[in-house]
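Source file query.txt; content: compact mmCIF, C-alpha atoms.
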# COMPACT_ATOMS: atom_id res chain seq x y z
CA MET M 1066 55.04 7.90 62.53
CA LYS M 1067 55.16 4.39 61.24
CA ALA M 1068 58.28 3.52 59.28
CA SER M 1069 56.23 2.87 56.15
CA LEU M 1070 55.16 6.50 56.03
CA LYS M 1071 58.44 7.94 54.88
CA PRO M 1072 58.93 11.61 55.67
CA ARG M 1073 60.26 12.22 52.19
CA ARG M 1074 57.27 13.43 50.28
CA PRO M 1075 57.85 14.23 46.61
CA SER M 1076 58.16 17.92 45.91
CA PRO M 1077 55.21 19.47 44.05
CA ASP M 1078 57.14 19.33 40.78
CA GLU M 1079 58.14 15.72 41.40
CA ALA M 1080 54.56 14.77 42.26
CA LEU M 1081 53.31 16.39 39.06
CA ALA M 1082 55.97 14.64 36.99
CA ILE M 1083 55.26 11.25 38.57
CA ALA M 1084 51.50 11.64 38.14
CA THR M 1085 51.89 12.68 34.51
CA SER M 1086 54.30 9.90 33.61
CA THR M 1087 52.37 7.16 35.46
CA ALA M 1088 48.93 8.11 34.14
CA PRO M 1089 49.60 10.26 31.06
CA GLN M 1090 46.09 9.78 29.65
CA GLN M 1091 44.30 11.45 32.52
CA PRO M 1092 42.53 14.75 31.91
CA PRO M 1093 42.54 17.73 34.25
CA ALA M 1094 39.87 17.61 36.96
CA GLN M 1095 38.29 20.70 35.51
CA ILE M 1096 38.52 21.92 31.96
CA ASN M 1097 38.15 25.64 31.73
CA GLU M 1098 35.62 26.56 29.09
CA PRO M 1099 36.92 29.00 26.54
CA LEU M 1100 35.42 32.42 26.99
CA MET M 1101 32.20 32.57 25.03
CA ALA M 1102 32.31 34.95 22.14
CA ASP M 1103 30.22 38.01 22.92
CA THR M 1104 27.68 37.18 20.26
CA PRO M 1105 24.36 39.04 19.94
CA THR M 1106 21.30 37.54 21.57
CA THR M 1107 17.85 38.78 22.53
CA LEU M 1108 16.25 39.95 25.75
CA ASN M 1109 12.50 40.06 25.67
CA LEU M 1110 10.83 42.28 28.23
CA ARG M 1111 7.09 42.38 28.86
CA ILE M 1112 6.47 46.00 29.74
CA ARG M 1113 3.56 48.45 29.53
CA ARG M 1114 2.73 50.27 26.32
CA SER M 1115 3.19 53.55 28.13
CA THR M 1116 6.78 52.63 28.99
CA VAL M 1117 7.48 51.71 25.40
CA SER M 1118 5.96 55.01 24.29
CA ALA M 1119 8.12 56.90 26.75
CA ILE M 1120 11.27 55.17 25.54
CA GLU M 1121 10.26 55.86 21.94
CA ALA M 1122 9.66 59.55 22.66
CA THR M 1123 12.98 59.90 24.48
CA ALA M 1124 14.82 58.18 21.63
CA LYS M 1125 13.26 60.52 19.08
CA GLU M 1126 14.06 63.53 21.21
CA ARG M 1127 17.72 62.55 21.61
CA GLY M 1128 18.27 61.18 18.12
CA LEU M 1129 18.94 57.70 19.41
CA THR M 1130 17.47 54.27 18.91
CA MET M 1131 15.23 52.82 21.62
CA LYS M 1132 17.88 50.22 22.29
CA GLN M 1133 20.45 52.97 22.83
CA VAL M 1134 18.18 54.71 25.31
CA VAL M 1135 17.79 51.53 27.34
CA ALA M 1136 21.48 50.61 27.06
CA GLN M 1137 22.61 54.09 28.14
CA ALA M 1138 20.22 54.05 31.08
CA LEU M 1139 21.52 50.66 32.17
CA GLN M 1140 25.10 51.88 31.89
CA ALA M 1141 24.25 54.96 33.94
CA ALA M 1142 22.78 52.61 36.57
CA GLY M 1143 26.11 50.82 36.84
CA VAL M 1144 25.40 47.84 34.59
CA THR M 1145 28.33 46.76 32.42
CA VAL M 1146 27.03 47.26 28.90
CA ALA M 1147 28.97 46.08 25.84
CA ALA M 1148 30.20 48.96 23.70
CA ALA M 1149 28.41 47.53 20.67
CA ASP M 1150 25.09 47.86 22.47
CA LEU M 1151 25.62 51.59 22.96
CA GLU M 1152 25.99 52.20 19.23
CA ASP M 1153 23.33 52.83 16.65
CA ARG M 1154 23.60 49.75 14.49
CA THR M 1155 20.43 50.25 12.53
CA PRO M 1156 20.95 48.97 8.97
CA ARG M 1157 21.15 51.94 6.61
CA ARG M 1158 19.60 52.06 3.18
CA ARG M 1159 22.12 52.39 0.40
CA MET Q 251 52.58 15.66 58.75
CA PRO Q 252 50.34 12.99 57.24
CA VAL Q 253 48.46 13.58 54.05
CA LEU Q 254 45.49 11.25 53.69
CA THR Q 255 43.90 11.21 50.25
CA ILE Q 256 40.40 9.85 49.71
CA ALA Q 257 40.18 8.66 46.13
CA SER Q 258 38.41 6.38 43.71
CA SER Q 259 38.30 6.34 39.95
CA LYS Q 260 34.55 5.82 40.12
CA GLY Q 261 32.00 8.43 41.06
CA GLY Q 262 29.52 7.93 43.86
CA PRO Q 263 31.17 5.51 46.33
CA GLY Q 264 31.08 8.08 49.12
CA LYS Q 265 34.45 9.82 49.02
CA THR Q 266 33.00 13.10 50.18
CA THR Q 267 30.92 11.41 52.88
CA VAL Q 268 34.00 9.61 54.23
CA CYS Q 269 35.90 12.89 54.10
CA GLN Q 270 33.10 14.67 55.97
CA VAL Q 271 33.09 11.97 58.63
CA LEU Q 272 36.86 12.15 59.04
CA ALA Q 273 37.03 15.94 59.00
CA ALA Q 274 34.25 16.35 61.57
CA SER Q 275 35.77 13.63 63.77
CA LEU Q 276 39.36 14.81 63.60
CA ALA Q 277 38.97 18.59 63.64
CA PRO Q 278 38.82 18.67 67.47
CA CYS Q 279 42.07 16.69 67.67
CA TYR Q 280 44.38 18.28 65.14
CA ARG Q 281 45.22 21.35 63.16
CA LEU Q 282 43.38 20.04 60.14
CA ALA Q 283 43.37 21.17 56.53
CA VAL Q 284 40.90 19.68 54.08
CA LEU Q 285 41.66 20.17 50.42
CA ASP Q 286 38.73 19.74 48.07
CA ALA Q 287 40.09 18.68 44.68
CA ASP Q 288 36.67 17.83 43.29
CA PRO Q 289 35.40 20.54 40.90
CA THR Q 290 31.91 20.10 42.33
CA GLN Q 291 33.31 21.56 45.58
CA ALA Q 292 30.75 19.58 47.56
CA LEU Q 293 33.06 19.16 50.54
CA SER Q 294 34.26 22.74 50.80
CA ARG Q 295 30.70 24.02 50.35
CA TRP Q 296 29.56 21.69 53.14
CA ALA Q 297 32.36 22.94 55.37
CA ARG Q 298 31.39 26.53 54.66
CA THR Q 299 27.60 26.32 54.84
CA ALA Q 300 26.49 23.25 56.82
CA TYR Q 301 29.23 22.03 59.12
CA GLU Q 302 28.65 22.91 62.77
CA GLY Q 303 31.59 21.34 64.59
CA THR Q 304 35.12 22.44 65.44
CA SER Q 305 36.41 24.56 62.62
CA PHE Q 306 39.08 23.43 60.19
CA GLU Q 307 40.66 24.91 57.12
CA ALA Q 308 38.86 23.91 53.92
CA ILE Q 309 40.22 24.92 50.55
CA ALA Q 310 38.80 24.10 47.12
CA GLU Q 311 41.49 23.50 44.51
CA SER Q 312 41.13 21.19 41.52
CA ASP Q 313 44.04 22.48 39.43
CA GLU Q 314 46.73 19.83 39.74
CA THR Q 315 49.69 22.22 39.81
CA ARG Q 316 48.23 24.47 42.48
CA LEU Q 317 47.02 21.42 44.39
CA ALA Q 318 50.50 19.89 44.42
CA HIS Q 319 51.95 23.05 45.95
CA LEU Q 320 49.04 23.39 48.37
CA ILE Q 321 49.49 19.84 49.64
CA GLY Q 322 53.20 20.50 50.14
CA SER Q 323 52.66 23.71 52.07
CA LYS Q 324 49.80 22.39 54.23
CA ALA Q 325 51.72 19.20 55.01
CA ASP Q 326 54.47 21.41 56.43
CA THR Q 327 52.22 23.51 58.62
CA MET Q 328 49.24 21.36 59.65
CA ASP Q 329 48.95 18.22 61.77
CA LEU Q 330 46.86 16.42 59.20
CA VAL Q 331 45.79 17.06 55.62
CA LEU Q 332 42.77 15.35 54.06
CA VAL Q 333 42.32 15.51 50.30
CA ASP Q 334 38.96 14.76 48.71
CA THR Q 335 39.14 14.01 45.00
CA ALA Q 336 36.83 13.87 42.01
CA GLY Q 337 35.22 10.58 41.05
CA PHE Q 338 37.01 9.90 37.79
CA GLY Q 339 40.59 9.45 36.72
CA ASN Q 340 42.05 12.94 36.65
CA ARG Q 341 45.39 14.65 37.18
CA ALA Q 342 44.48 16.37 40.44
CA ALA Q 343 43.46 13.06 42.03
CA THR Q 344 46.63 11.38 40.79
CA VAL Q 345 48.80 14.18 42.16
CA ALA Q 346 46.92 13.92 45.48
CA MET Q 347 47.62 10.19 45.62
CA THR Q 348 51.28 10.69 44.69
CA SER Q 349 51.72 13.23 47.48
CA ALA Q 350 49.79 11.18 50.03
CA ASP Q 351 51.12 9.21 52.95
CA ALA Q 352 48.10 6.96 52.67
CA VAL Q 353 45.11 6.56 50.36
CA LEU Q 354 41.63 5.57 51.43
CA ILE Q 355 39.41 4.17 48.68
CA PRO Q 356 35.69 4.05 49.44
CA THR Q 357 33.73 1.54 47.42
CA LEU Q 358 30.21 0.22 47.16
CA ALA Q 359 29.26 -3.40 46.69
CA GLY Q 360 28.54 -3.30 42.94
CA GLU Q 361 30.76 -5.01 40.39
CA ALA Q 362 31.80 -1.74 38.74
CA ASP Q 363 32.67 -0.27 42.12
CA VAL Q 364 34.88 -3.18 43.11
CA THR Q 365 36.55 -3.15 39.67
CA GLU Q 366 37.29 0.57 39.93
CA ALA Q 367 38.54 0.16 43.50
CA GLU Q 368 41.02 -2.40 42.20
CA LYS Q 369 42.09 -0.01 39.41
CA THR Q 370 42.66 2.72 41.97
CA ILE Q 371 44.72 0.39 44.16
CA ARG Q 372 46.85 -0.57 41.16
CA LEU Q 373 47.32 3.09 40.25
CA VAL Q 374 48.49 3.88 43.79
CA GLU Q 375 50.93 0.97 43.59
CA GLY Q 376 52.28 2.37 40.32
CA LEU Q 377 52.61 5.84 41.76
CA ALA Q 378 54.40 4.46 44.82
CA ARG Q 379 56.87 2.61 42.63
CA ALA Q 380 57.50 5.73 40.54
CA ALA Q 381 57.93 7.84 43.66
CA ARG Q 382 60.06 5.16 45.32
CA ARG Q 383 58.13 5.42 48.52
CA ASP Q 384 55.51 3.43 50.33
CA ILE Q 385 51.98 4.73 49.78
CA PRO Q 386 49.67 2.35 51.63
CA ALA Q 387 46.12 2.14 50.32
CA ARG Q 388 43.03 0.54 51.80
CA VAL Q 389 39.55 0.01 50.47
CA ILE Q 390 36.69 0.90 52.77
CA LEU Q 391 33.27 -0.55 52.05
CA ASN Q 392 30.64 2.15 52.19
CA ARG Q 393 26.85 2.10 52.33
CA VAL Q 394 27.01 -1.54 53.37
CA ARG Q 395 23.80 -3.47 53.68
CA ARG Q 396 23.91 -6.84 55.34
CA THR Q 397 22.93 -8.61 52.14
CA SER Q 398 24.32 -11.41 50.02
CA LEU Q 399 25.49 -8.75 47.54
CA ALA Q 400 27.65 -7.10 50.21
CA ARG Q 401 29.05 -10.50 51.17
CA HIS Q 402 29.79 -11.20 47.52
CA ALA Q 403 31.58 -7.83 47.16
CA ASP Q 404 33.60 -8.65 50.25
CA ALA Q 405 34.55 -11.99 48.70
CA GLU Q 406 35.52 -10.26 45.44
CA LEU Q 407 37.77 -7.85 47.33
CA LYS Q 408 39.42 -10.78 49.05
CA ALA Q 409 39.77 -12.71 45.80
CA ALA Q 410 41.43 -9.70 44.17
CA LYS Q 411 43.68 -9.43 47.23
CA LEU Q 412 42.68 -5.84 47.69
CA PRO Q 413 43.72 -4.51 51.08
CA ARG Q 414 40.64 -3.33 52.92
CA LEU Q 415 39.78 -1.87 56.26
CA GLN Q 416 37.86 -4.01 58.69
CA ALA Q 417 35.83 -0.93 59.47
CA SER Q 418 33.02 -0.07 57.09
CA LEU Q 419 30.18 2.39 56.91
CA SER Q 420 26.63 1.11 56.66
CA ASP Q 421 23.82 2.47 54.55
CA LEU Q 422 22.52 4.74 57.30
CA VAL Q 423 20.41 7.86 57.18
CA ALA Q 424 22.80 9.42 59.71
CA TYR Q 425 25.55 9.78 57.10
CA GLY Q 426 23.19 11.37 54.62
CA GLU Q 427 21.97 13.76 57.29
CA LEU Q 428 25.55 14.80 57.98
CA SER Q 429 25.70 16.40 54.54
CA TYR Q 430 22.77 18.66 55.42
CA SER Q 431 22.99 19.12 59.17
CA GLY Q 432 26.76 19.28 59.53
CA ARG Q 433 26.38 17.33 62.74
CA LEU Q 434 28.51 14.24 63.22
CA PRO Q 435 26.64 11.15 64.42
CA SER Q 436 28.06 10.35 67.83
CA ALA Q 437 25.79 7.58 69.00
CA GLY Q 438 24.11 4.48 67.68
CA THR Q 439 25.40 2.37 64.83
CA ALA Q 440 26.92 5.33 62.98
CA GLY Q 441 28.78 6.52 66.08
CA ALA Q 442 30.17 3.03 66.67
CA GLU Q 443 31.23 2.66 63.02
CA ILE Q 444 33.02 6.01 63.05
CA ALA Q 445 34.80 5.11 66.27
CA ALA Q 446 35.90 1.81 64.75
CA LEU Q 447 37.15 3.56 61.61
CA LEU Q 448 39.21 6.06 63.60
CA ALA Q 449 40.61 3.32 65.82
CA GLU Q 450 41.71 1.33 62.80
CA LEU Q 451 43.33 4.35 61.15
CA ARG Q 452 45.17 5.08 64.40
CA ASN Q 453 46.31 1.47 64.69
CA MET Q 454 47.76 1.69 61.20
CA LYS Q 455 49.48 4.97 62.17
CA TRP Q 456 47.63 6.81 59.40
CA LEU Q 457 46.75 9.51 61.91
CA PRO Q 458 49.22 11.52 63.99
CA GLU Q 459 49.73 10.69 67.64
CA LEU Q 460 47.20 12.37 69.89
CA ARG Q 461 49.24 12.78 73.04
CA ASN Q 462 50.81 16.09 72.03
CA TYR Q 463 47.53 17.75 71.20
CA VAL Q 464 45.23 19.73 73.39
CA GLY Q 465 41.83 18.11 73.55
CA ALA Q 466 43.17 14.63 72.92
What's the structure tokens form of this structure?
Amino acid sequence: MKASLKPRRPSPDEALAIATSTAPQQPPAQINEPLMADTPTTLNLRIRRSTVSAIEATAKERGLTMKQVVAQALQAAGVTVAAADLEDRTPRRR
Amino acid sequence: MPVLTIASSKGGPGKTTVCQVLAASLAPCYRLAVLDADPTQALSRWARTAYEGTSFEAIAESDETRLAHLIGSKADTMDLVLVDTAGFGNRAATVAMTSADAVLIPTLAGEADVTEAEKTIRLVEGLARAARRDIPARVILNRVRRTSLARHADAELKAAKLPRLQASLSDLVAYGELSYSGRLPSAGTAGAEIAALLAELRNMKWLPELRNYVGA
């Protein structure tokens, strides 16, 4: 090796300290986005009337909402479904 | 063994292209590790999905702390470590320059490119002073067209006393194709330019000696 390339490389901690002190204003290369809150959103599906009727009938039979029927079926198929989507959250009359 | 960082505080001067050229050229000669510190992971994706030559180790890591440790460990175990960095001032790039034995700074001919190349050179000088070690840096002109603009950029680099390589890479389709085909240009103008670049890096002792390596 050429003499100018000294074998003494700064340790990782030294390199970090030197980089931070020499260019303290620099941001990280990648800023991790905070985890998005699991807020409700919509999923619109264009499906046949007969399928909707079948879901409706199953929901009535089981005492569930249509959304619960779909969510439970997805969960049974191995899809990770949020707990809130498995509940009946229909607004109740007071 | 040597750590060569390819850096520039400006995006788009061809850092990843230069890194691809070097990695594809040097993989047959050395145990080579390429660390991709750019969050876009363009280089490591290329190595994984497009590159067709002699294999080398490619790792994507843009967190500065993990990168600092990775550079240290790979420098101990590999013949040569190349570090590609993101095109803006960021901690991972600065750590990569601090840990480097040499820094290569690709630049285009535009005014902003030359200005940012100078900023990067000055940053390396500051890091070298803080680390109390020599970290040589050289500008390499990339996508050169034989125009008056390129000659003006060359004059600006000289006026700013920025150390530059004599070798340069022209604005050739062959380099663009490398990003898709993974095949290194070995003939024609591109082949000659790559050979000249490697020869200059060897002359400066930025690359390890070849005589101890199989395939040299």
As an exercise, work out the distance from atom CA of M:Gly1128 to atom CA of M:Thr1104 in Å and give it to one decimal place.
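Taking atom CA of M:Gly1128 and atom CA of M:Thr1104, their separation equals 25.9 Å.
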List every protein, DNA or RNA residue that has an atom no more than 12 Å from (57.4, 10.9, 37.6) in the file's coordinate frame, counting all atoms listed in the file, and report them as a list of chain:residue names.
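Within 12 Å of (57.4, 10.9, 37.6), the protein and nucleic acid residues are M:Pro1075, M:Ser1076, M:Pro1077, M:Asp1078, M:Glu1079, M:Ala1080, M:Leu1081, M:Ala1082, M:Ile1083, M:Ala1084, M:Thr1085, M:Ser1086, M:Thr1087, M:Ala1088, M:Pro1089, Q:Thr344, Q:Val345, Q:Thr348, Q:Ser349, Q:Gly376, Q:Leu377, Q:Ala378, Q:Arg379, Q:Ala380, Q:Ala381, Q:Arg382.
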Would you kindly report the residues of chain Q within 9 Å of chain M, using only C-alpha atoms, as a PyMOL selection string?
chain Q and resi 251-252+287-289+312-322+335-336+338-352+373+376-377+380-381+383-386+454-459
Within 8 Å of (34.1, 10.8, 47.4), only C-alpha atoms: residues as a compact mmCIF listing (two decimals) with C-alpha atoms, keeping the file's coordinate frame?
# COMPACT_ATOMS: atom_id res chain seq x y z
CA ILE Q 256 40.40 9.85 49.71
CA ALA Q 257 40.18 8.66 46.13
CA SER Q 258 38.41 6.38 43.71
CA GLY Q 261 32.00 8.43 41.06
CA GLY Q 262 29.52 7.93 43.86
CA PRO Q 263 31.17 5.51 46.33
CA GLY Q 264 31.08 8.08 49.12
CA LYS Q 265 34.45 9.82 49.02
CA THR Q 266 33.00 13.10 50.18
CA THR Q 267 30.92 11.41 52.88
CA VAL Q 268 34.00 9.61 54.23
CA CYS Q 269 35.90 12.89 54.10
CA ASP Q 334 38.96 14.76 48.71
CA THR Q 335 39.14 14.01 45.00
CA ALA Q 336 36.83 13.87 42.01
CA GLY Q 337 35.22 10.58 41.05
CA PRO Q 356 35.69 4.05 49.44
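One distance worth recording is that between atom CA of M:Arg1127 and atom CA of M:Arg1111, which is 23.9 Å.
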If you count all atoms listed in the file, which residues fall within 7 Å of stretch 411-423 of chain Q, apart from same-chain ones fewer than 3 positions away, as a ChimeraX atom specification?
/Q:368,388-395,407-408,426-427,443,446-447
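Take the candidates M:Val1117, M:Ile1112, M:Val1144, M:Leu1151 and check each one against M:Lys1132 using only C-alpha atoms; the shortest distance goes to M:Leu1151.
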Near stretch 1118-1122 of chain M, within 12 Å and counting all atoms listed in the file, which residues show up once chain neighbours fewer than 6 positions away are dropped, as a ChimeraX atom specification?
/M:1112,1128-1138
Identify which of the residues Q:Ala292, Q:Ala362, Q:Ala449, Q:Leu354 lies closest to Q:Leu276, counting only C-alpha atoms when measuring atom-to-atom distances.
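Closest candidate: Q:Ala449.
The two atoms in question, atom CA of Q:Ile444 and atom CA of Q:Asp326, are spaced 27.2 Å apart.
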Q:Ile309 environment, 10 Å, only C-alpha atoms, sequence neighbours closer than 6 positions dropped, as a count of residues only
14
Any chance you could work out the axis-aligned box around stretch 367-378 of chain Q, listed atoms only, 5 Å on each side, giving centre and edge lengths in Å to one decimal, as JSON?
{"center_x": 46.5, "center_y": 1.7, "center_z": 42.1, "size_x": 25.9, "size_y": 18.2, "size_z": 15.4}
